[in-house]
>>> print(open('start_34.pdb').read())   # PDB, C-alpha atoms and all ligand atoms
ATOM      1  CA  MET A 300      13.981   3.294  13.882  1.00  0.00           C
ATOM      2  CA  GLN A 301      13.359   0.359  16.199  1.00  0.00           C
ATOM      3  CA  PHE A 302       9.862  -0.743  17.196  1.00  0.00           C
ATOM      4  CA  LEU A 303       8.155  -2.291  20.210  1.00  0.00           C
ATOM      5  CA  ILE A 304       4.551  -3.225  20.848  1.00  0.00           C
ATOM      6  CA  ASP A 305       2.750  -1.171  23.514  1.00  0.00           C
ATOM      7  CA  ASP A 306       0.130  -3.763  24.394  1.00  0.00           C
ATOM      8  CA  ALA A 307      -0.542  -6.630  26.803  1.00  0.00           C
ATOM      9  CA  ARG A 308      -3.370  -8.461  25.050  1.00  0.00           C
ATOM     10  CA  LEU A 309      -1.522 -11.751  24.858  1.00  0.00           C
ATOM     11  CA  ASP A 310      -2.922 -12.871  21.498  1.00  0.00           C
ATOM     12  CA  ARG A 311      -2.132  -9.499  19.928  1.00  0.00           C
ATOM     13  CA  VAL A 312       1.357  -9.449  21.415  1.00  0.00           C
ATOM     14  CA  GLU A 313       2.134 -12.941  20.129  1.00  0.00           C
ATOM     15  CA  ARG A 314       0.842 -12.164  16.653  1.00  0.00           C
ATOM     16  CA  ALA A 315       2.702  -8.847  16.488  1.00  0.00           C
ATOM     17  CA  LEU A 316       5.980 -10.432  17.628  1.00  0.00           C
ATOM     18  CA  ASN A 317       5.591 -13.012  14.838  1.00  0.00           C
ATOM     19  CA  THR A 318       4.710 -10.379  12.218  1.00  0.00           C
ATOM     20  CA  PHE A 319       6.642  -7.189  12.831  1.00  0.00           C
ATOM     21  CA  PRO A 320      10.384  -6.581  13.345  1.00  0.00           C
ATOM     22  CA  LEU A 321       9.951  -5.744  17.034  1.00  0.00           C
ATOM     23  CA  ILE A 322      12.644  -5.532  19.715  1.00  0.00           C
ATOM     24  CA  GLY A 323      10.247  -5.921  22.625  1.00  0.00           C
ATOM     25  CA  VAL A 324       7.095  -5.112  24.558  1.00  0.00           C
ATOM     26  CA  THR A 325       6.193  -2.129  26.743  1.00  0.00           C
ATOM     27  CA  THR A 326       3.523  -2.190  29.406  1.00  0.00           C
ATOM     28  CA  ASN A 327       2.047   0.087  32.010  1.00  0.00           C
ATOM     29  CA  PRO A 328      -0.667  -0.623  34.598  1.00  0.00           C
ATOM     30  CA  SER A 329      -3.421   0.669  32.281  1.00  0.00           C
ATOM     31  CA  ILE A 330      -2.178  -1.514  29.415  1.00  0.00           C
ATOM     32  CA  LEU A 331      -2.160  -4.566  31.738  1.00  0.00           C
ATOM     33  CA  LYS A 332      -5.762  -3.770  32.742  1.00  0.00           C
ATOM     34  CA  VAL A 333      -6.917  -3.416  29.116  1.00  0.00           C
ATOM     35  CA  GLY A 334      -5.091  -6.682  28.363  1.00  0.00           C
ATOM     36  CA  GLY A 335      -7.460  -8.424  30.772  1.00  0.00           C
ATOM     37  CA  LEU A 336      -4.552  -9.585  32.946  1.00  0.00           C
ATOM     38  CA  THR A 337      -5.595 -10.586  36.460  1.00  0.00           C
ATOM     39  CA  ASP A 338      -2.577 -12.386  37.930  1.00  0.00           C
ATOM     40  CA  PHE A 339       0.390  -9.987  37.835  1.00  0.00           C
ATOM     41  CA  GLU A 340       3.111 -12.588  38.379  1.00  0.00           C
ATOM     42  CA  ARG A 341       1.725 -15.292  36.112  1.00  0.00           C
ATOM     43  CA  ASP A 342       0.750 -12.940  33.301  1.00  0.00           C
ATOM     44  CA  LEU A 343       4.012 -11.013  33.378  1.00  0.00           C
ATOM     45  CA  ARG A 344       5.921 -14.296  33.141  1.00  0.00           C
ATOM     46  CA  THR A 345       3.784 -15.215  30.125  1.00  0.00           C
ATOM     47  CA  ILE A 346       4.691 -11.930  28.429  1.00  0.00           C
ATOM     48  CA  ARG A 347       8.365 -12.554  29.239  1.00  0.00           C
ATOM     49  CA  GLU A 348       8.100 -16.011  27.593  1.00  0.00           C
ATOM     50  CA  LEU A 349       6.573 -14.431  24.485  1.00  0.00           C
ATOM     51  CA  VAL A 350       9.289 -11.739  24.331  1.00  0.00           C
ATOM     52  CA  GLY A 351      12.128 -14.200  25.003  1.00  0.00           C
ATOM     53  CA  ASP A 352      15.446 -12.337  24.986  1.00  0.00           C
ATOM     54  CA  GLY A 353      13.801  -9.162  23.669  1.00  0.00           C
ATOM     55  CA  ASP A 354      13.193  -6.095  25.800  1.00  0.00           C
ATOM     56  CA  LEU A 355      10.330  -6.014  28.294  1.00  0.00           C
ATOM     57  CA  HIS A 356       9.444  -2.683  29.968  1.00  0.00           C
ATOM     58  CA  VAL A 357       7.419  -2.894  33.200  1.00  0.00           C
ATOM     59  CA  GLN A 358       6.260   0.121  35.189  1.00  0.00           C
ATOM     60  CA  VAL A 359       6.348   0.643  38.943  1.00  0.00           C
ATOM     61  CA  VAL A 360       3.216   1.853  40.714  1.00  0.00           C
ATOM     62  CA  ALA A 361       4.629   3.229  44.001  1.00  0.00           C
ATOM     63  CA  ARG A 362       4.633   7.008  44.373  1.00  0.00           C
ATOM     64  CA  ASP A 363       7.717   7.280  46.612  1.00  0.00           C
ATOM     65  CA  THR A 364      11.374   6.539  45.822  1.00  0.00           C
ATOM     66  CA  GLU A 365      11.828   3.648  48.261  1.00  0.00           C
ATOM     67  CA  GLY A 366       8.606   2.017  47.108  1.00  0.00           C
ATOM     68  CA  MET A 367       9.674   2.346  43.460  1.00  0.00           C
ATOM     69  CA  LEU A 368      12.992   0.657  44.271  1.00  0.00           C
ATOM     70  CA  ARG A 369      11.254  -2.198  46.112  1.00  0.00           C
ATOM     71  CA  GLU A 370       8.884  -2.753  43.190  1.00  0.00           C
ATOM     72  CA  ALA A 371      11.796  -2.635  40.743  1.00  0.00           C
ATOM     73  CA  ASP A 372      13.509  -5.426  42.723  1.00  0.00           C
ATOM     74  CA  THR A 373      10.330  -7.502  42.603  1.00  0.00           C
ATOM     75  CA  ILE A 374       9.917  -6.995  38.867  1.00  0.00           C
ATOM     76  CA  ARG A 375      13.553  -7.919  38.154  1.00  0.00           C
ATOM     77  CA  GLU A 376      13.301 -11.042  40.342  1.00  0.00           C
ATOM     78  CA  LEU A 377      10.109 -12.036  38.554  1.00  0.00           C
ATOM     79  CA  VAL A 378      10.989 -11.515  34.901  1.00  0.00           C
ATOM     80  CA  GLY A 379      14.730 -11.003  34.789  1.00  0.00           C
ATOM     81  CA  GLU A 380      17.415  -8.480  35.623  1.00  0.00           C
ATOM     82  CA  SER A 381      17.498  -7.167  32.072  1.00  0.00           C
ATOM     83  CA  THR A 382      13.856  -6.034  32.324  1.00  0.00           C
ATOM     84  CA  LEU A 383      13.560  -2.289  31.809  1.00  0.00           C
ATOM     85  CA  ILE A 384      12.004  -0.649  34.851  1.00  0.00           C
ATOM     86  CA  LYS A 385       9.663   2.161  33.879  1.00  0.00           C
ATOM     87  CA  ILE A 386       9.901   4.990  36.373  1.00  0.00           C
ATOM     88  CA  PRO A 387       7.679   8.077  36.120  1.00  0.00           C
ATOM     89  CA  THR A 388       9.768  11.235  35.630  1.00  0.00           C
ATOM     90  CA  THR A 389       8.809  12.917  38.909  1.00  0.00           C
ATOM     91  CA  ALA A 390      10.648  14.263  41.956  1.00  0.00           C
ATOM     92  CA  ALA A 391      10.391  10.794  43.505  1.00  0.00           C
ATOM     93  CA  GLY A 392      11.274   9.049  40.243  1.00  0.00           C
ATOM     94  CA  LEU A 393      14.546  10.845  39.430  1.00  0.00           C
ATOM     95  CA  PRO A 394      16.400   9.561  42.549  1.00  0.00           C
ATOM     96  CA  ALA A 395      14.979   6.086  41.897  1.00  0.00           C
ATOM     97  CA  MET A 396      16.398   6.217  38.355  1.00  0.00           C
ATOM     98  CA  ARG A 397      19.856   7.195  39.603  1.00  0.00           C
ATOM     99  CA  ARG A 398      19.899   4.486  42.253  1.00  0.00           C
ATOM    100  CA  LEU A 399      18.698   1.828  39.852  1.00  0.00           C
ATOM    101  CA  LYS A 400      21.383   2.812  37.353  1.00  0.00           C
ATOM    102  CA  ALA A 401      24.001   2.601  40.157  1.00  0.00           C
ATOM    103  CA  GLN A 402      22.784  -0.976  40.766  1.00  0.00           C
ATOM    104  CA  GLY A 403      23.216  -1.835  37.099  1.00  0.00           C
ATOM    105  CA  ALA A 404      19.486  -1.938  36.335  1.00  0.00           C
ATOM    106  CA  ARG A 405      17.993  -0.756  33.048  1.00  0.00           C
ATOM    107  CA  VAL A 406      15.612   2.202  33.299  1.00  0.00           C
ATOM    108  CA  THR A 407      12.938   3.769  31.134  1.00  0.00           C
ATOM    109  CA  ALA A 408      11.922   7.265  32.194  1.00  0.00           C
ATOM    110  CA  THR A 409       8.217   7.444  31.518  1.00  0.00           C
ATOM    111  CA  ALA A 410       5.300   9.898  31.685  1.00  0.00           C
ATOM    112  CA  ILE A 411       7.352  12.529  29.834  1.00  0.00           C
ATOM    113  CA  TYR A 412       5.237  15.479  28.745  1.00  0.00           C
ATOM    114  CA  SER A 413       7.952  18.147  28.491  1.00  0.00           C
ATOM    115  CA  THR A 414      11.527  18.808  27.364  1.00  0.00           C
ATOM    116  CA  ALA A 415      12.503  19.701  30.929  1.00  0.00           C
ATOM    117  CA  GLN A 416      11.467  16.290  32.246  1.00  0.00           C
ATOM    118  CA  GLY A 417      13.376  14.557  29.468  1.00  0.00           C
ATOM    119  CA  LEU A 418      16.564  16.571  30.076  1.00  0.00           C
ATOM    120  CA  LEU A 419      16.445  15.643  33.775  1.00  0.00           C
ATOM    121  CA  ALA A 420      15.861  11.953  33.039  1.00  0.00           C
ATOM    122  CA  THR A 421      18.805  11.931  30.625  1.00  0.00           C
ATOM    123  CA  ALA A 422      20.973  13.542  33.315  1.00  0.00           C
ATOM    124  CA  ALA A 423      19.763  10.864  35.757  1.00  0.00           C
ATOM    125  CA  GLY A 424      21.135   8.231  33.379  1.00  0.00           C
ATOM    126  CA  ALA A 425      17.911   6.730  32.014  1.00  0.00           C
ATOM    127  CA  ASP A 426      18.414   4.220  29.197  1.00  0.00           C
ATOM    128  CA  TYR A 427      15.197   5.305  27.503  1.00  0.00           C
ATOM    129  CA  LEU A 428      13.012   8.418  27.585  1.00  0.00           C
ATOM    130  CA  ALA A 429       9.330   7.824  26.849  1.00  0.00           C
ATOM    131  CA  PRO A 430       7.702  11.059  25.624  1.00  0.00           C
ATOM    132  CA  TYR A 431       3.923  10.646  25.340  1.00  0.00           C
ATOM    133  CA  VAL A 432       3.206  11.902  21.821  1.00  0.00           C
ATOM    134  CA  ASN A 433      -0.593  11.823  21.690  1.00  0.00           C
ATOM    135  CA  ARG A 434      -1.048  12.930  25.276  1.00  0.00           C
ATOM    136  CA  MET A 435       1.233  15.944  24.653  1.00  0.00           C
ATOM    137  CA  TYR A 436      -0.715  16.750  21.531  1.00  0.00           C
ATOM    138  CA  ASN A 437      -3.946  16.643  23.561  1.00  0.00           C
ATOM    139  CA  ALA A 438      -2.368  19.023  26.103  1.00  0.00           C
ATOM    140  CA  ASP A 439      -1.366  21.534  23.399  1.00  0.00           C
ATOM    141  CA  VAL A 440       2.326  20.668  23.767  1.00  0.00           C
ATOM    142  CA  ASP A 441       4.229  20.094  20.487  1.00  0.00           C
ATOM    143  CA  PRO A 442       5.534  16.526  20.927  1.00  0.00           C
ATOM    144  CA  TYR A 443       7.885  16.783  17.968  1.00  0.00           C
ATOM    145  CA  ALA A 444       9.576  19.937  19.319  1.00  0.00           C
ATOM    146  CA  VAL A 445      10.132  18.054  22.592  1.00  0.00           C
ATOM    147  CA  ILE A 446      11.591  15.028  20.775  1.00  0.00           C
ATOM    148  CA  ARG A 447      13.863  17.267  18.660  1.00  0.00           C
ATOM    149  CA  ALA A 448      15.168  19.076  21.742  1.00  0.00           C
ATOM    150  CA  LEU A 449      15.799  15.832  23.621  1.00  0.00           C
ATOM    151  CA  ARG A 450      17.601  14.306  20.640  1.00  0.00           C
ATOM    152  CA  GLN A 451      19.819  17.403  20.334  1.00  0.00           C
ATOM    153  CA  ASP A 452      20.707  17.153  24.028  1.00  0.00           C
ATOM    154  CA  ILE A 453      21.501  13.420  23.769  1.00  0.00           C
ATOM    155  CA  ASP A 454      23.680  13.905  20.697  1.00  0.00           C
ATOM    156  CA  ARG A 455      25.465  16.946  22.173  1.00  0.00           C
ATOM    157  CA  GLU A 456      26.184  15.165  25.469  1.00  0.00           C
ATOM    158  CA  GLY A 457      27.173  11.943  23.725  1.00  0.00           C
ATOM    159  CA  VAL A 458      25.173   9.819  26.174  1.00  0.00           C
ATOM    160  CA  PRO A 459      23.640   6.412  25.341  1.00  0.00           C
ATOM    161  CA  THR A 460      20.067   7.448  26.300  1.00  0.00           C
ATOM    162  CA  ARG A 461      17.532   6.651  23.576  1.00  0.00           C
ATOM    163  CA  ILE A 462      14.182   8.226  22.857  1.00  0.00           C
ATOM    164  CA  LEU A 463      11.353   5.682  23.012  1.00  0.00           C
ATOM    165  CA  ALA A 464       8.392   7.648  21.691  1.00  0.00           C
ATOM    166  CA  ALA A 465       5.067   6.371  23.058  1.00  0.00           C
ATOM    167  CA  SER A 466       1.336   7.103  23.196  1.00  0.00           C
ATOM    168  CA  PHE A 467       0.431   6.888  19.515  1.00  0.00           C
ATOM    169  CA  LYS A 468      -3.080   7.031  18.142  1.00  0.00           C
ATOM    170  CA  ASN A 469      -2.276   7.026  14.417  1.00  0.00           C
ATOM    171  CA  VAL A 470       0.479   6.238  11.917  1.00  0.00           C
ATOM    172  CA  LYS A 471       1.287   9.873  11.104  1.00  0.00           C
ATOM    173  CA  GLN A 472       2.266  10.464  14.726  1.00  0.00           C
ATOM    174  CA  VAL A 473       4.750   7.588  14.428  1.00  0.00           C
ATOM    175  CA  THR A 474       6.362   8.848  11.233  1.00  0.00           C
ATOM    176  CA  ASP A 475       6.479  12.411  12.591  1.00  0.00           C
ATOM    177  CA  ALA A 476       8.168  11.173  15.780  1.00  0.00           C
ATOM    178  CA  ALA A 477      10.740   9.343  13.632  1.00  0.00           C
ATOM    179  CA  ALA A 478      11.381  12.493  11.593  1.00  0.00           C
ATOM    180  CA  ALA A 479      11.809  14.497  14.809  1.00  0.00           C
ATOM    181  CA  GLY A 480      14.580  12.148  15.950  1.00  0.00           C
ATOM    182  CA  ALA A 481      13.025   9.402  18.098  1.00  0.00           C
ATOM    183  CA  HIS A 482      15.278   6.321  18.070  1.00  0.00           C
ATOM    184  CA  THR A 483      12.479   3.888  18.881  1.00  0.00           C
ATOM    185  CA  ALA A 484       8.694   3.847  19.005  1.00  0.00           C
ATOM    186  CA  THR A 485       6.344   1.707  21.039  1.00  0.00           C
ATOM    187  CA  ILE A 486       3.034   1.237  19.284  1.00  0.00           C
ATOM    188  CA  GLY A 487      -0.264  -0.477  20.133  1.00  0.00           C
ATOM    189  CA  ALA A 488      -1.350  -3.455  18.021  1.00  0.00           C
ATOM    190  CA  ASP A 489      -4.032  -1.503  16.173  1.00  0.00           C
ATOM    191  CA  VAL A 490      -1.682   1.288  15.030  1.00  0.00           C
ATOM    192  CA  LEU A 491       0.985  -1.314  14.134  1.00  0.00           C
ATOM    193  CA  ASP A 492      -1.555  -3.033  11.870  1.00  0.00           C
ATOM    194  CA  ALA A 493      -2.506   0.343  10.396  1.00  0.00           C
ATOM    195  CA  MET A 494       1.126   0.851   9.320  1.00  0.00           C
ATOM    196  CA  LEU A 495       0.524  -1.804   6.630  1.00  0.00           C
ATOM    197  CA  ALA A 496      -3.171  -1.157   6.000  1.00  0.00           C
ATOM    198  CA  LEU A 497      -3.119   0.947   2.810  1.00  0.00           C
ATOM    199  CA  PRO A 498      -5.547  -0.817   0.417  1.00  0.00           C
ATOM    200  CA  GLN A 499      -3.204  -0.079  -2.511  1.00  0.00           C
ATOM    201  CA  VAL A 500      -0.610  -2.452  -1.029  1.00  0.00           C
ATOM    202  CA  GLU A 501      -2.841  -5.546  -1.186  1.00  0.00           C
ATOM    203  CA  SER A 502      -4.174  -4.676  -4.644  1.00  0.00           C
ATOM    204  CA  ALA A 503      -0.599  -4.204  -5.943  1.00  0.00           C
ATOM    205  CA  VAL A 504       0.376  -7.638  -4.596  1.00  0.00           C
ATOM    206  CA  ASP A 505      -2.813  -9.178  -6.125  1.00  0.00           C
ATOM    207  CA  ALA A 506      -1.999  -7.616  -9.507  1.00  0.00           C
ATOM    208  CA  PHE A 507       1.551  -9.015  -9.473  1.00  0.00           C
ATOM    209  CA  ALA A 508       0.216 -12.506  -8.704  1.00  0.00           C
ATOM    210  CA  ALA A 509      -2.390 -12.238 -11.502  1.00  0.00           C
ATOM    211  CA  ASP A 510       0.263 -11.103 -14.021  1.00  0.00           C
ATOM    212  CA  PHE A 511       2.576 -13.975 -13.032  1.00  0.00           C
ATOM    213  CA  GLN A 512      -0.295 -16.447 -13.535  1.00  0.00           C
ATOM    214  CA  ALA A 513      -1.140 -14.898 -16.929  1.00  0.00           C
ATOM    215  CA  ALA A 514       2.494 -14.946 -18.100  1.00  0.00           C
ATOM    216  CA  PHE A 515       3.572 -18.402 -16.866  1.00  0.00           C
ATOM    217  CA  SER A 516       0.256 -20.303 -16.384  1.00  0.00           C
ATOM    218  CA  ALA A 517       1.321 -21.011 -12.800  1.00  0.00           C
ATOM    219  CA  PRO A 518       0.251 -19.489  -9.479  1.00  0.00           C
ATOM    220  CA  GLY A 519       3.833 -18.924  -8.300  1.00  0.00           C
ATOM    221  CA  ILE A 520       7.501 -19.844  -8.541  1.00  0.00           C
ATOM    222  CA  ALA A 521       7.914 -23.578  -7.952  1.00  0.00           C
TER     223      ALA A 521
HETATM  224  C1  LIG A 601       4.229   3.779  27.115  1.00  0.00           C
HETATM  225  O1  LIG A 601       4.415   2.630  27.410  1.00  0.00           O
HETATM  226  C2  LIG A 601       3.126   4.600  27.616  1.00  0.00           C
HETATM  227  O2  LIG A 601       2.820   4.208  28.905  1.00  0.00           O
HETATM  228  C3  LIG A 601       1.941   4.482  26.709  1.00  0.00           C
HETATM  229  O3  LIG A 601       2.340   4.570  25.362  1.00  0.00           O
HETATM  230  C4  LIG A 601       0.865   5.512  27.002  1.00  0.00           C
HETATM  231  O4  LIG A 601      -0.125   5.360  26.019  1.00  0.00           O
HETATM  232  P1  LIG A 601      -1.567   6.053  26.105  1.00  0.00           P
HETATM  233  O5  LIG A 601      -1.371   7.521  25.988  1.00  0.00           O
HETATM  234  O6  LIG A 601      -2.315   5.474  24.948  1.00  0.00           O
HETATM  235  O7  LIG A 601      -2.157   5.647  27.411  1.00  0.00           O
END
>>> encode(input="start_34.pdb", output="structure tokens")
Amino acid sequence: MQFLIDDARLDRVERALNTFPLIGVTTNPSILKVGGLTDFERDLRTIRELVGDGDLHVQVVARDTEGMLREADTIRELVGESTLIKIPTTAAGLPAMRRLKAQGARVTATAIYSTAQGLLATAAGADYLAPYVNRMYNADVDPYAVIRALRQDIDREGVPTRILAASFKNVKQVTDAAAAGAHTATIGADVLDAMLALPQVESAVDAFAADFQAAFSAPGIA
């Protein structure tokens, strides 16, 4: 599985990029707000600098197809043509996805709460599908059944679309999404940290260091 950080708090993004094997950063307008960002252009460029050549996913806000396409142009001018444009999987979003793909843009189909939406976004040529795991769970939809069905469709059709599972509130949701067939997961900084937070891990590493010291009268290998 490949991982991204689903966060825009600049200090957390920088630390996570330096710590975890991440391929990029995903954002949405709510994540930008929580990140305390106030200048869209400046702050997005800062995130692009942090990500470097990695993937950056930025969401449009417009509700109509033409508006989505205009915003996609602005985003690509601002932070690069390779930026993944997040388009909500709606009746207005599906034509925007197809037209962006025809222009050679990269597209993430977002706000996916159902198998049907994901099948349509795959047919529209989206590079990534972003099923919202925790939000589906809250809505009494089985997110793992949706991911399994979408993965079966992708494999059967032989298309390059990848499942970018999103909206995680705990580590178990991440590992269950991986088991269900998600190719990638985008995870907030707190859940990323929790992936390494078992107390047994630190105490095992402490015990190894203590045993090395006891055996060789040295704190480590010179
Ligand atoms: C992906 O980028 C989604 O927009 C995001 O994971 C949604 O997360 P939330 O359900 O915590 O708002």
>>> resolve_selection(input="start_34.pdb", expression="the PyMOL selection byres (((chain A and resi 327-331) around 6) and not hetatm)", output="mmCIF file with C-alpha atoms, in the coordinates of the input")
data_model
loop_
_atom_site.group_PDB
_atom_site.id
_atom_site.type_symbol
_atom_site.label_atom_id
_atom_site.label_comp_id
_atom_site.auth_asym_id
_atom_site.auth_seq_id
_atom_site.Cartn_x
_atom_site.Cartn_y
_atom_site.Cartn_z
ATOM 1 C CA ASP A 306 0.130 -3.763 24.394
ATOM 2 C CA ALA A 307 -0.542 -6.630 26.803
ATOM 3 C CA THR A 326 3.523 -2.190 29.406
ATOM 4 C CA LYS A 332 -5.762 -3.770 32.742
ATOM 5 C CA VAL A 333 -6.917 -3.416 29.116
ATOM 6 C CA GLY A 334 -5.091 -6.682 28.363
ATOM 7 C CA LEU A 336 -4.552 -9.585 32.946
ATOM 8 C CA GLN A 358 6.260 0.121 35.189
#
>>> resolve_selection(input="start_34.pdb", expression="the PyMOL selection byres (((not hetatm)) within 10 of (chain A and resi 601))", output="VMD selection string")
chain A and resid 303 to 306 324 to 330 356 to 358 385 387 407 to 411 428 to 435 437 463 to 468 484 to 487
>>> atom_distance(input="start_34.pdb", atom1="atom CA of A:Leu321", atom2="atom CA of A:Ala479")
20.4 Å
>>> atom_distance(input="start_34.pdb", atom1="atom CA of A:Glu376", atom2="atom CA of A:Leu316")
23.9 Å
>>> atom_distance(input="start_34.pdb", atom1="atom CA of A:Leu355", atom2="atom CA of A:Ile322")
8.9 Å
>>> resolve_selection(input="start_34.pdb", expression="the PyMOL selection byres (((chain A and resi 493-498) around 12) and not hetatm)", output="list in words")
Phe302, Thr318, Phe319, Phe467, Lys468, Asn469, Val470, Lys471, Gln472, Val473, Thr474, Ile486, Gly487, Ala488, Asp489, Val490, Leu491, Asp492, Gln499, Val500, Glu501, Ser502, Ala503, Val504 and Asp505 of chain A
>>> closest_residue(input="start_34.pdb", among="A:Leu419, A:Ala395, A:Val350, A:Ala401", to="A:Gly323", atoms="all atoms listed in the file")
A:Val350
>>> residues_around(input="start_34.pdb", residues="A:Leu377", least_positions_apart="6", cutoff="10 Å", atoms="all atoms listed in the file", output="list in words")
Phe339, Glu340, Arg341, Leu343, Arg344, Arg347 and Ala371 of chain A
>>> closest_residue(input="start_34.pdb", among="A:Val359, A:Val378, A:Ala508, A:Ala481", to="A:Ile346", atoms="only C-alpha atoms")
A:Val378
>>> build_atoms(input="start_34.pdb", residues="stretch 482-495 of chain A", atoms="N, CA, C and O atoms", output="tab-separated table (two decimals), in the frame of the given file")
chain	number	residue	atom	x	y	z
A	482	HIS	N	14.52	7.51	18.49
A	482	HIS	CA	15.28	6.32	18.07
A	482	HIS	C	14.36	5.11	17.94
A	482	HIS	O	14.59	4.22	17.13
A	483	THR	N	13.36	5.06	18.82
A	483	THR	CA	12.48	3.89	18.88
A	483	THR	C	11.05	4.38	19.09
A	483	THR	O	10.83	5.51	19.54
A	484	ALA	N	10.10	3.51	18.79
A	484	ALA	CA	8.69	3.85	19.00
A	484	ALA	C	8.00	2.62	19.56
A	484	ALA	O	8.24	1.50	19.08
A	485	THR	N	7.17	2.81	20.56
A	485	THR	CA	6.34	1.71	21.04
A	485	THR	C	4.90	1.99	20.67
A	485	THR	O	4.38	3.09	20.92
A	486	ILE	N	4.27	0.99	20.02
A	486	ILE	CA	3.03	1.24	19.28
A	486	ILE	C	2.03	0.13	19.62
A	486	ILE	O	2.38	-1.06	19.62
A	487	GLY	N	0.79	0.51	19.89
A	487	GLY	CA	-0.26	-0.48	20.13
A	487	GLY	C	-0.54	-1.32	18.89
A	487	GLY	O	-0.23	-0.91	17.77
A	488	ALA	N	-1.14	-2.51	19.12
A	488	ALA	CA	-1.35	-3.46	18.02
A	488	ALA	C	-2.17	-2.84	16.89
A	488	ALA	O	-1.88	-3.09	15.70
A	489	ASP	N	-3.16	-2.03	17.22
A	489	ASP	CA	-4.03	-1.50	16.17
A	489	ASP	C	-3.28	-0.53	15.26
A	489	ASP	O	-3.44	-0.56	14.04
A	490	VAL	N	-2.45	0.33	15.86
A	490	VAL	CA	-1.68	1.29	15.03
A	490	VAL	C	-0.58	0.55	14.26
A	490	VAL	O	-0.30	0.87	13.10
A	491	LEU	N	0.01	-0.49	14.88
A	491	LEU	CA	0.98	-1.31	14.13
A	491	LEU	C	0.33	-1.89	12.88
A	491	LEU	O	0.89	-1.80	11.78
A	492	ASP	N	-0.85	-2.47	13.04
A	492	ASP	CA	-1.56	-3.03	11.87
A	492	ASP	C	-1.83	-1.95	10.84
A	492	ASP	O	-1.70	-2.17	9.63
A	493	ALA	N	-2.18	-0.76	11.32
A	493	ALA	CA	-2.51	0.34	10.40
A	493	ALA	C	-1.29	0.77	9.58
A	493	ALA	O	-1.44	1.35	8.50
A	494	MET	N	-0.09	0.47	10.07
A	494	MET	CA	1.13	0.85	9.32
A	494	MET	C	1.23	0.10	7.99
A	494	MET	O	1.97	0.51	7.10
A	495	LEU	N	0.48	-1.02	7.88
A	495	LEU	CA	0.52	-1.80	6.63
A	495	LEU	C	-0.84	-1.81	5.94
A	495	LEU	O	-1.04	-2.59	5.00
